[in-house]
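Asker: The structure file entry-v5.cif (mmCIF, C-alpha atoms) is provided below.
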```cif
data_entry
#
loop_
_atom_site.group_PDB
_atom_site.id
_atom_site.type_symbol
_atom_site.label_atom_id
_atom_site.label_comp_id
_atom_site.auth_asym_id
_atom_site.auth_seq_id
_atom_site.Cartn_x
_atom_site.Cartn_y
_atom_site.Cartn_z
ATOM 1 C CA MET K 30 0.000 0.000 0.000
ATOM 2 C CA LEU K 31 2.936 2.343 0.726
ATOM 3 C CA SER K 32 4.335 1.638 -2.650
ATOM 4 C CA ASN K 33 1.040 2.623 -4.251
ATOM 5 C CA GLU K 34 1.053 5.939 -2.378
ATOM 6 C CA LYS K 35 4.626 6.648 -3.479
ATOM 7 C CA GLU K 36 3.749 5.973 -7.070
ATOM 8 C CA THR K 37 0.740 8.303 -6.754
ATOM 9 C CA ILE K 38 2.936 11.089 -5.341
ATOM 10 C CA LYS K 39 5.536 10.628 -8.119
ATOM 11 C CA GLN K 40 2.821 10.767 -10.735
ATOM 12 C CA GLN K 41 1.426 14.003 -9.213
ATOM 13 C CA ASP K 42 4.922 15.566 -9.184
ATOM 14 C CA LEU K 43 5.413 14.566 -12.827
ATOM 15 C CA GLU K 44 2.104 16.113 -13.796
ATOM 16 C CA GLN K 45 3.040 19.361 -11.996
ATOM 17 C CA GLU K 46 6.416 19.524 -13.818
ATOM 18 C CA THR K 47 4.687 18.881 -17.128
ATOM 19 C CA ALA K 48 2.210 21.699 -16.437
ATOM 20 C CA LYS K 49 5.063 24.109 -15.608
ATOM 21 C CA VAL K 50 6.855 23.247 -18.868
ATOM 22 C CA GLU K 51 3.674 23.813 -20.871
ATOM 23 C CA GLU K 52 3.139 27.227 -19.196
ATOM 24 C CA THR K 53 6.669 28.269 -20.024
ATOM 25 C CA ALA K 54 6.212 27.223 -23.656
ATOM 26 C CA GLU K 55 2.978 29.210 -23.920
ATOM 27 C CA THR K 56 4.641 32.414 -22.669
ATOM 28 C CA THR K 57 7.504 32.109 -25.154
ATOM 29 C CA GLU K 58 5.365 31.198 -28.149
ATOM 30 C CA PRO K 59 4.041 34.037 -30.369
ATOM 31 C CA ALA K 60 0.582 35.289 -29.544
ATOM 32 C CA GLU K 61 -2.316 33.808 -31.353
ATOM 33 C CA GLY K 62 -2.678 35.275 -34.818
ATOM 34 C CA THR K 63 0.980 36.362 -34.938
ATOM 35 C CA GLU K 64 2.792 34.998 -37.979
ATOM 36 C CA PRO K 65 6.265 33.558 -37.587
ATOM 37 C CA GLY K 66 8.941 36.169 -38.206
ATOM 38 C CA THR K 67 6.747 39.072 -37.045
ATOM 39 C CA VAL K 68 8.803 39.604 -33.917
ATOM 40 C CA GLU K 69 11.963 39.448 -35.977
ATOM 41 C CA SER K 70 10.556 42.039 -38.474
ATOM 42 C CA ALA K 71 9.731 44.441 -35.638
ATOM 43 C CA GLU K 72 13.315 44.252 -34.436
ATOM 44 C CA GLN K 73 14.601 44.957 -37.966
ATOM 45 C CA ALA K 74 12.229 47.953 -38.231
ATOM 46 C CA GLN K 75 13.634 49.334 -34.990
ATOM 47 C CA VAL K 76 17.134 49.052 -36.434
ATOM 48 C CA GLU K 77 16.197 50.547 -39.838
ATOM 49 C CA GLU K 78 14.257 53.471 -38.340
ATOM 50 C CA PRO K 79 17.368 55.271 -36.945
ATOM 51 C CA VAL K 80 19.136 54.743 -40.300
ATOM 52 C CA ASP K 81 16.269 56.408 -42.194
ATOM 53 C CA GLU K 82 16.205 59.259 -39.697
ATOM 54 C CA ALA K 83 19.961 59.829 -40.097
ATOM 55 C CA THR K 84 19.593 59.906 -43.899
ATOM 56 C CA GLU K 85 16.795 62.458 -43.646
ATOM 57 C CA LEU K 86 18.840 64.638 -41.281
ATOM 58 C CA GLN K 87 21.833 64.452 -43.650
ATOM 59 C CA ALA K 88 19.639 65.579 -46.571
ATOM 60 C CA GLN K 89 18.280 68.490 -44.513
ATOM 61 C CA LEU K 90 21.826 69.478 -43.537
ATOM 62 C CA GLU K 91 22.959 69.480 -47.171
ATOM 63 C CA GLU K 92 19.939 71.574 -48.166
ATOM 64 C CA GLU K 93 20.694 74.133 -45.443
ATOM 65 C CA GLN K 94 24.357 74.235 -46.495
ATOM 66 C CA ASN K 95 23.316 74.891 -50.102
ATOM 67 C CA LYS K 96 21.015 77.692 -48.957
ATOM 68 C CA TYR K 97 23.873 79.202 -46.950
ATOM 69 C CA LEU K 98 26.286 79.034 -49.906
ATOM 70 C CA ARG K 99 23.724 80.663 -52.213
ATOM 71 C CA LEU K 100 23.084 83.389 -49.656
ATOM 72 C CA LEU K 101 26.822 83.947 -49.252
ATOM 73 C CA ALA K 102 27.274 84.220 -53.033
ATOM 74 C CA ASP K 103 24.399 86.713 -53.286
ATOM 75 C CA TYR K 104 25.940 88.789 -50.516
ATOM 76 C CA ASP K 105 29.340 88.805 -52.243
ATOM 77 C CA ASN K 106 27.699 89.926 -55.488
ATOM 78 C CA PHE K 107 25.847 92.647 -53.610
ATOM 79 C CA LYS K 108 29.099 93.884 -52.047
ATOM 80 C CA ARG K 109 30.826 93.964 -55.441
ATOM 81 C CA ARG K 110 27.932 95.854 -57.054
ATOM 82 C CA THR K 111 27.810 98.322 -54.171
ATOM 83 C CA LYS K 112 31.560 98.909 -54.343
ATOM 84 C CA LYS K 113 31.405 99.403 -58.118
ATOM 85 C CA ASP K 114 28.476 101.819 -57.787
ATOM 86 C CA GLN K 115 30.355 103.785 -55.138
ATOM 87 C CA GLU K 116 33.453 103.990 -57.331
ATOM 88 C CA LEU K 117 31.402 105.162 -60.315
ATOM 89 C CA ALA K 118 29.588 107.715 -58.177
ATOM 90 C CA LYS K 119 32.907 109.035 -56.910
ATOM 91 C CA GLN K 120 34.437 109.016 -60.385
ATOM 92 C CA PHE K 121 31.583 110.923 -61.995
ATOM 93 C CA ARG K 122 30.325 112.966 -59.047
ATOM 94 C CA SER K 123 31.177 116.218 -60.849
ATOM 95 C CA GLN K 124 29.721 115.241 -64.242
ATOM 96 C CA SER K 125 26.711 117.534 -64.004
ATOM 97 C CA LEU K 126 28.798 120.527 -62.894
ATOM 98 C CA LEU K 127 31.438 119.993 -65.573
ATOM 99 C CA THR K 128 28.752 119.668 -68.254
ATOM 100 C CA ASP K 129 27.441 123.075 -67.212
ATOM 101 C CA LEU K 130 30.986 124.509 -67.335
ATOM 102 C CA LEU K 131 31.662 123.459 -70.929
ATOM 103 C CA PRO K 132 29.913 126.531 -72.424
ATOM 104 C CA VAL K 133 32.057 128.684 -70.104
ATOM 105 C CA LEU K 134 35.199 127.108 -71.545
ATOM 106 C CA ASP K 135 33.836 127.699 -75.043
ATOM 107 C CA ASN K 136 33.294 131.390 -74.250
ATOM 108 C CA PHE K 137 36.852 131.670 -72.938
ATOM 109 C CA ASP K 138 38.138 130.222 -76.231
ATOM 110 C CA ARG K 139 36.060 132.692 -78.271
ATOM 111 C CA ALA K 140 37.161 135.630 -76.143
ATOM 112 C CA LEU K 141 40.830 134.678 -76.395
ATOM 113 C CA ALA K 142 40.537 134.250 -80.163
ATOM 114 C CA VAL K 143 39.931 138.027 -80.513
ATOM 115 C CA GLU K 144 43.033 139.944 -81.581
ATOM 116 C CA ALA K 145 44.259 142.540 -79.105
ATOM 117 C CA LYS K 146 44.504 145.955 -80.759
ATOM 118 C CA SER K 147 45.670 147.934 -77.758
ATOM 119 C CA GLU K 148 47.671 147.497 -74.591
ATOM 120 C CA GLU K 149 44.494 147.637 -72.565
ATOM 121 C CA SER K 150 42.845 144.831 -74.538
ATOM 122 C CA ALA K 151 46.088 142.822 -74.447
ATOM 123 C CA SER K 152 46.174 143.160 -70.670
ATOM 124 C CA LEU K 153 42.542 142.082 -70.505
ATOM 125 C CA LEU K 154 43.248 139.021 -72.667
ATOM 126 C CA LYS K 155 46.186 138.119 -70.474
ATOM 127 C CA GLY K 156 43.923 138.227 -67.438
ATOM 128 C CA LEU K 157 41.412 136.004 -69.235
ATOM 129 C CA GLU K 158 44.145 133.511 -70.059
ATOM 130 C CA MET K 159 45.118 133.305 -66.388
ATOM 131 C CA VAL K 160 41.500 132.750 -65.342
ATOM 132 C CA LYS K 161 41.030 130.095 -68.018
ATOM 133 C CA LYS K 162 44.223 128.325 -66.965
ATOM 134 C CA SER K 163 43.029 128.179 -63.349
ATOM 135 C CA LEU K 164 39.680 126.818 -64.486
ATOM 136 C CA ILE K 165 41.337 124.235 -66.763
ATOM 137 C CA ASP K 166 43.570 123.080 -63.889
ATOM 138 C CA ALA K 167 40.539 122.650 -61.646
ATOM 139 C CA VAL K 168 38.463 120.667 -64.146
ATOM 140 C CA THR K 169 41.472 118.566 -65.191
ATOM 141 C CA ALA K 170 41.928 117.543 -61.566
ATOM 142 C CA GLU K 171 38.370 116.162 -61.718
ATOM 143 C CA GLY K 172 39.237 114.037 -64.774
ATOM 144 C CA LEU K 173 38.147 116.323 -67.623
ATOM 145 C CA GLU K 174 40.229 116.036 -70.804
ATOM 146 C CA GLU K 175 40.001 117.505 -74.303
ATOM 147 C CA ILE K 176 39.364 115.125 -77.177
ATOM 148 C CA LYS K 177 42.059 115.181 -79.837
ATOM 149 C CA ALA K 178 40.558 116.048 -83.180
ATOM 150 C CA VAL K 179 42.560 117.825 -85.918
ATOM 151 C CA GLY K 180 44.727 115.387 -87.880
ATOM 152 C CA GLU K 181 43.186 112.360 -86.136
ATOM 153 C CA PRO K 182 41.210 109.640 -87.945
ATOM 154 C CA PHE K 183 37.486 110.252 -87.579
ATOM 155 C CA ASP K 184 36.072 108.244 -84.677
ATOM 156 C CA PRO K 185 32.277 108.328 -84.268
ATOM 157 C CA HIS K 186 32.689 107.561 -80.571
ATOM 158 C CA PHE K 187 34.544 110.855 -80.005
ATOM 159 C CA HIS K 188 33.802 113.015 -83.051
ATOM 160 C CA GLN K 189 30.613 114.430 -84.502
ATOM 161 C CA ALA K 190 30.996 115.174 -88.216
ATOM 162 C CA VAL K 191 29.000 118.216 -89.262
ATOM 163 C CA ILE K 192 30.839 119.064 -92.519
ATOM 164 C CA GLN K 193 32.628 116.993 -95.142
ATOM 165 C CA GLU K 194 35.270 118.410 -97.447
ATOM 166 C CA ASN K 195 37.536 117.022 -100.146
ATOM 167 C CA ASP K 196 41.181 117.724 -99.337
ATOM 168 C CA PRO K 197 43.615 115.836 -101.618
ATOM 169 C CA ASP K 198 46.498 116.556 -99.240
ATOM 170 C CA SER K 199 44.883 114.647 -96.374
ATOM 171 C CA GLU K 200 43.935 111.033 -95.896
ATOM 172 C CA PRO K 201 40.260 110.165 -96.356
ATOM 173 C CA GLY K 202 38.383 110.124 -93.074
ATOM 174 C CA THR K 203 40.815 112.508 -91.390
ATOM 175 C CA VAL K 204 39.555 115.368 -89.229
ATOM 176 C CA LEU K 205 40.436 118.622 -91.006
ATOM 177 C CA GLN K 206 39.069 121.167 -88.551
ATOM 178 C CA GLU K 207 37.621 121.330 -85.061
ATOM 179 C CA LEU K 208 34.497 123.481 -84.865
ATOM 180 C CA GLN K 209 33.801 122.863 -81.186
ATOM 181 C CA LYS K 210 35.986 121.133 -78.631
ATOM 182 C CA GLY K 211 34.950 117.799 -77.221
ATOM 183 C CA TYR K 212 35.676 116.502 -73.726
ATOM 184 C CA THR K 213 35.825 113.245 -71.813
ATOM 185 C CA LEU K 214 35.419 112.694 -68.087
ATOM 186 C CA ASN K 215 37.534 109.818 -66.781
ATOM 187 C CA GLY K 216 37.314 108.118 -70.179
ATOM 188 C CA ARG K 217 33.588 108.700 -70.653
ATOM 189 C CA VAL K 218 32.567 111.047 -73.452
ATOM 190 C CA LEU K 219 31.026 114.148 -71.939
ATOM 191 C CA ARG K 220 30.619 115.920 -75.286
ATOM 192 C CA PRO K 221 31.896 114.792 -78.706
ATOM 193 C CA ALA K 222 34.025 117.174 -80.729
ATOM 194 C CA MET K 223 32.217 118.846 -83.663
ATOM 195 C CA VAL K 224 34.505 118.457 -86.651
ATOM 196 C CA LYS K 225 35.007 118.844 -90.390
ATOM 197 C CA VAL K 226 36.045 115.550 -92.003
ATOM 198 C CA ASN K 227 37.877 114.814 -95.243
ATOM 199 C CA GLU K 228 35.853 112.722 -97.668
#
```
Show me the file's structure as structure tokens.

Answerer:
Amino acid sequence: MLSNEKETIKQQDLEQETAKVEETAETTEPAEGTEPGTVESAEQAQVEEPVDEATELQAQLEEEQNKYLRLLADYDNFKRRTKKDQELAKQFRSQSLLTDLLPVLDNFDRALAVEAKSEESASLLKGLEMVKKSLIDAVTAEGLEEIKAVGEPFDPHFHQAVIQENDPDSEPGTVLQELQKGYTLNGRVLRPAMVKVNE
């Protein structure tokens, strides 16, 4: 009878161990409705997600760098344009005033072309020459220069032909006479010279 009781106890212990093993297997098995490999796919997704995020951040960084480089280039262009505009403004700041002074220079030339017939008129002409010289020095300091005309080949950029004449002793297209002086301001034509040109 003791042996029967021992066998019963062993059988109960075996059943309890079997039940524990089955419980452990149930907790480790995938949940009902979960396909094999689903757990593994979730782990892969967690690994791939940071990679995708890093790629996106790298693309955003490159885009911001490109924006910065474009902005920097635009700023450099703006600085160059501003500097050029300032230089031109400084170079031609007196253009309007000098344009208004050109008729004054013309009047000096006409007045000095008159022949002095007395000591008084000669003295007056000498005074005019001194005034003109001072004026010429002042405008030359600002960049005003006379355009060469007589004996020069006709250049439409600097000369304005108002008369044509046939002179066999001169080359065709040569300026024979200057009717009104022309001037440039720092290389820019302020007024072309009015000339007579050989045909």

Asker: (29.4, 112.9, -75.4) in this file's frame - what residues fall within 10 Å of it? Use all atoms listed in the file and give the answer as JSON, numbers by chain.

Answerer: {"K": [128, 186, 187, 188, 189, 211, 212, 213, 214, 217, 218, 219, 220, 221, 222]}

Asker: Counting all atoms listed in the file, which residue out of K:Val204, K:Thr111, K:Ala170, K:Val226 sits closest to Leu127 of chain K?

Answerer: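 For Leu127 of chain K, the nearest of the given residues is K:Ala170.
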
Asker: Quick one: residues within 12 Å of segment 151-158 of chain K, only C-alpha atoms, excluding same-chain residues fewer than 3 positions away - as a list in words?

Answerer: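 Near segment 151-158 of chain K, the qualifying residues are Val133, Leu134, Asn136, Phe137, Asp138, Arg139, Ala140, Leu141, Ala142, Val143, Glu144, Ala145, Lys146, Ser147, Glu148, Lys161, Lys162, Ser163, Leu164 and Ile165 of chain K.
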
Asker: I need the residue nearest Ile192 of chain K from this list: K:Gln209, K:Glu175, K:Lys225, K:Arg109. Use only C-alpha atoms for the distance.

Answerer: K:Lys225

Asker: Using only C-alpha atoms, which of K:Asp129, K:Glu228, K:Asp103, K:Glu85 sits nearest Ser199 of chain K?

Answerer: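 The shortest atom-to-atom distance to Ser199 of chain K comes from K:Glu228.
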
Asker: For atom CA of Met223 of chain K and atom CA of Leu130 of chain K, quote the distance in Å rounded to one decimal.

Answerer: 17.3 Å

Asker: Please measure the separation of atom CA of Pro197 of chain K and atom CA of Phe183 of chain K, giving the value in Å to one decimal.

Answerer: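 Result for atom CA of Pro197 of chain K versus atom CA of Phe183 of chain K: 16.3 Å, one decimal.
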
Asker: Do a neighbour search on Lys119 of chain K at 12 Å with all atoms listed in the file, toss out local chain neighbours closer than 5 positions, and write the hits as a list of chain:residue names.

Answerer: K:Lys112, K:Lys113, K:Asp114, K:Gln124, K:Glu171, K:Gly172, K:Asn215

Asker: Which value, in Å to one decimal, gives the distance between atom CA of Val160 of chain K and atom CA of Lys210 of chain K?

Answerer: 18.5 Å

Asker: Write only N, CA, C and O atoms for segment 147-181 of chain K from the block just shown, as a compact mmCIF listing (two decimals), in the first residue's frame.

Answerer:
```
# COMPACT_ATOMS: atom_id res chain seq x y z
N SER K 147 45.10 146.90 -78.62
CA SER K 147 45.67 147.93 -77.76
C SER K 147 46.28 147.27 -76.53
O SER K 147 46.04 146.09 -76.26
N GLU K 148 47.05 148.04 -75.81
CA GLU K 148 47.67 147.50 -74.59
C GLU K 148 46.61 147.13 -73.56
O GLU K 148 46.75 146.14 -72.82
N GLU K 149 45.56 147.91 -73.53
CA GLU K 149 44.49 147.64 -72.57
C GLU K 149 43.81 146.32 -72.87
O GLU K 149 43.56 145.50 -71.97
N SER K 150 43.50 146.10 -74.17
CA SER K 150 42.84 144.83 -74.54
C SER K 150 43.81 143.65 -74.37
O SER K 150 43.40 142.55 -74.00
N ALA K 151 45.10 143.88 -74.64
CA ALA K 151 46.09 142.82 -74.45
C ALA K 151 46.19 142.44 -72.98
O ALA K 151 46.30 141.26 -72.63
N SER K 152 46.14 143.42 -72.10
CA SER K 152 46.17 143.16 -70.67
C SER K 152 44.93 142.39 -70.23
O SER K 152 45.01 141.48 -69.39
N LEU K 153 43.80 142.77 -70.83
CA LEU K 153 42.54 142.08 -70.51
C LEU K 153 42.60 140.62 -70.95
O LEU K 153 42.19 139.72 -70.22
N LEU K 154 43.13 140.38 -72.16
CA LEU K 154 43.25 139.02 -72.67
C LEU K 154 44.20 138.19 -71.81
O LEU K 154 43.97 136.99 -71.58
N LYS K 155 45.25 138.83 -71.32
CA LYS K 155 46.19 138.12 -70.47
C LYS K 155 45.51 137.68 -69.17
O LYS K 155 45.73 136.57 -68.67
N GLY K 156 44.67 138.57 -68.65
CA GLY K 156 43.92 138.23 -67.44
C GLY K 156 42.96 137.08 -67.69
O GLY K 156 42.81 136.17 -66.85
N LEU K 157 42.32 137.09 -68.88
CA LEU K 157 41.41 136.00 -69.24
C LEU K 157 42.15 134.67 -69.36
O LEU K 157 41.64 133.62 -68.95
N GLU K 158 43.34 134.72 -69.93
CA GLU K 158 44.15 133.51 -70.06
C GLU K 158 44.47 132.91 -68.69
O GLU K 158 44.44 131.69 -68.50
N MET K 159 44.79 133.78 -67.74
CA MET K 159 45.12 133.30 -66.39
C MET K 159 43.90 132.66 -65.72
O MET K 159 44.01 131.61 -65.07
N VAL K 160 42.73 133.31 -65.92
CA VAL K 160 41.50 132.75 -65.34
C VAL K 160 41.17 131.41 -65.99
O VAL K 160 40.83 130.43 -65.30
N LYS K 161 41.33 131.35 -67.32
CA LYS K 161 41.03 130.09 -68.02
C LYS K 161 41.97 128.99 -67.56
O LYS K 161 41.54 127.84 -67.36
N LYS K 162 43.26 129.33 -67.40
CA LYS K 162 44.22 128.32 -66.97
C LYS K 162 43.86 127.77 -65.58
O LYS K 162 43.93 126.55 -65.34
N SER K 163 43.44 128.64 -64.68
CA SER K 163 43.03 128.18 -63.35
C SER K 163 41.81 127.26 -63.43
O SER K 163 41.73 126.23 -62.74
N LEU K 164 40.88 127.63 -64.31
CA LEU K 164 39.68 126.82 -64.49
C LEU K 164 40.03 125.46 -65.10
O LEU K 164 39.52 124.42 -64.66
N ILE K 165 40.92 125.49 -66.12
CA ILE K 165 41.34 124.23 -66.76
C ILE K 165 42.03 123.32 -65.76
O ILE K 165 41.80 122.10 -65.73
N ASP K 166 42.88 123.89 -64.91
CA ASP K 166 43.57 123.08 -63.89
C ASP K 166 42.57 122.42 -62.95
O ASP K 166 42.73 121.25 -62.56
N ALA K 167 41.54 123.18 -62.59
CA ALA K 167 40.54 122.65 -61.65
C ALA K 167 39.73 121.51 -62.27
O ALA K 167 39.53 120.46 -61.64
N VAL K 168 39.30 121.71 -63.52
CA VAL K 168 38.46 120.67 -64.15
C VAL K 168 39.31 119.45 -64.55
O VAL K 168 38.82 118.31 -64.56
N THR K 169 40.59 119.69 -64.86
CA THR K 169 41.47 118.57 -65.19
C THR K 169 41.69 117.69 -63.97
O THR K 169 41.78 116.45 -64.07
N ALA K 170 41.77 118.31 -62.81
CA ALA K 170 41.93 117.54 -61.57
C ALA K 170 40.73 116.64 -61.31
O ALA K 170 40.85 115.61 -60.63
N GLU K 171 39.58 116.98 -61.87
CA GLU K 171 38.37 116.16 -61.72
C GLU K 171 38.27 115.09 -62.79
O GLU K 171 37.34 114.27 -62.77
N GLY K 172 39.23 115.08 -63.74
CA GLY K 172 39.24 114.04 -64.77
C GLY K 172 38.77 114.50 -66.14
O GLY K 172 38.60 113.67 -67.04
N LEU K 173 38.59 115.81 -66.32
CA LEU K 173 38.15 116.32 -67.62
C LEU K 173 39.35 116.45 -68.56
O LEU K 173 40.39 116.97 -68.19
N GLU K 174 39.18 115.96 -69.79
CA GLU K 174 40.23 116.04 -70.80
C GLU K 174 39.64 116.42 -72.15
O GLU K 174 38.51 116.03 -72.47
N GLU K 175 40.42 117.15 -72.95
CA GLU K 175 40.00 117.50 -74.30
C GLU K 175 40.17 116.30 -75.22
O GLU K 175 41.09 115.50 -75.05
N ILE K 176 39.27 116.18 -76.18
CA ILE K 176 39.36 115.13 -77.18
C ILE K 176 40.23 115.62 -78.33
O ILE K 176 39.99 116.71 -78.86
N LYS K 177 41.21 114.81 -78.69
CA LYS K 177 42.06 115.18 -79.84
C LYS K 177 41.24 115.07 -81.11
O LYS K 177 40.49 114.11 -81.30
N ALA K 178 41.41 116.04 -81.99
CA ALA K 178 40.56 116.05 -83.18
C ALA K 178 41.36 116.27 -84.47
O ALA K 178 41.45 115.38 -85.30
N VAL K 179 41.91 117.46 -84.65
CA VAL K 179 42.56 117.83 -85.92
C VAL K 179 43.72 116.87 -86.21
O VAL K 179 44.60 116.65 -85.38
N GLY K 180 43.69 116.32 -87.45
CA GLY K 180 44.73 115.39 -87.88
C GLY K 180 44.49 113.96 -87.44
O GLY K 180 45.21 113.05 -87.86
N GLU K 181 43.49 113.71 -86.62
CA GLU K 181 43.19 112.36 -86.14
C GLU K 181 42.19 111.68 -87.08
O GLU K 181 41.36 112.34 -87.71
```
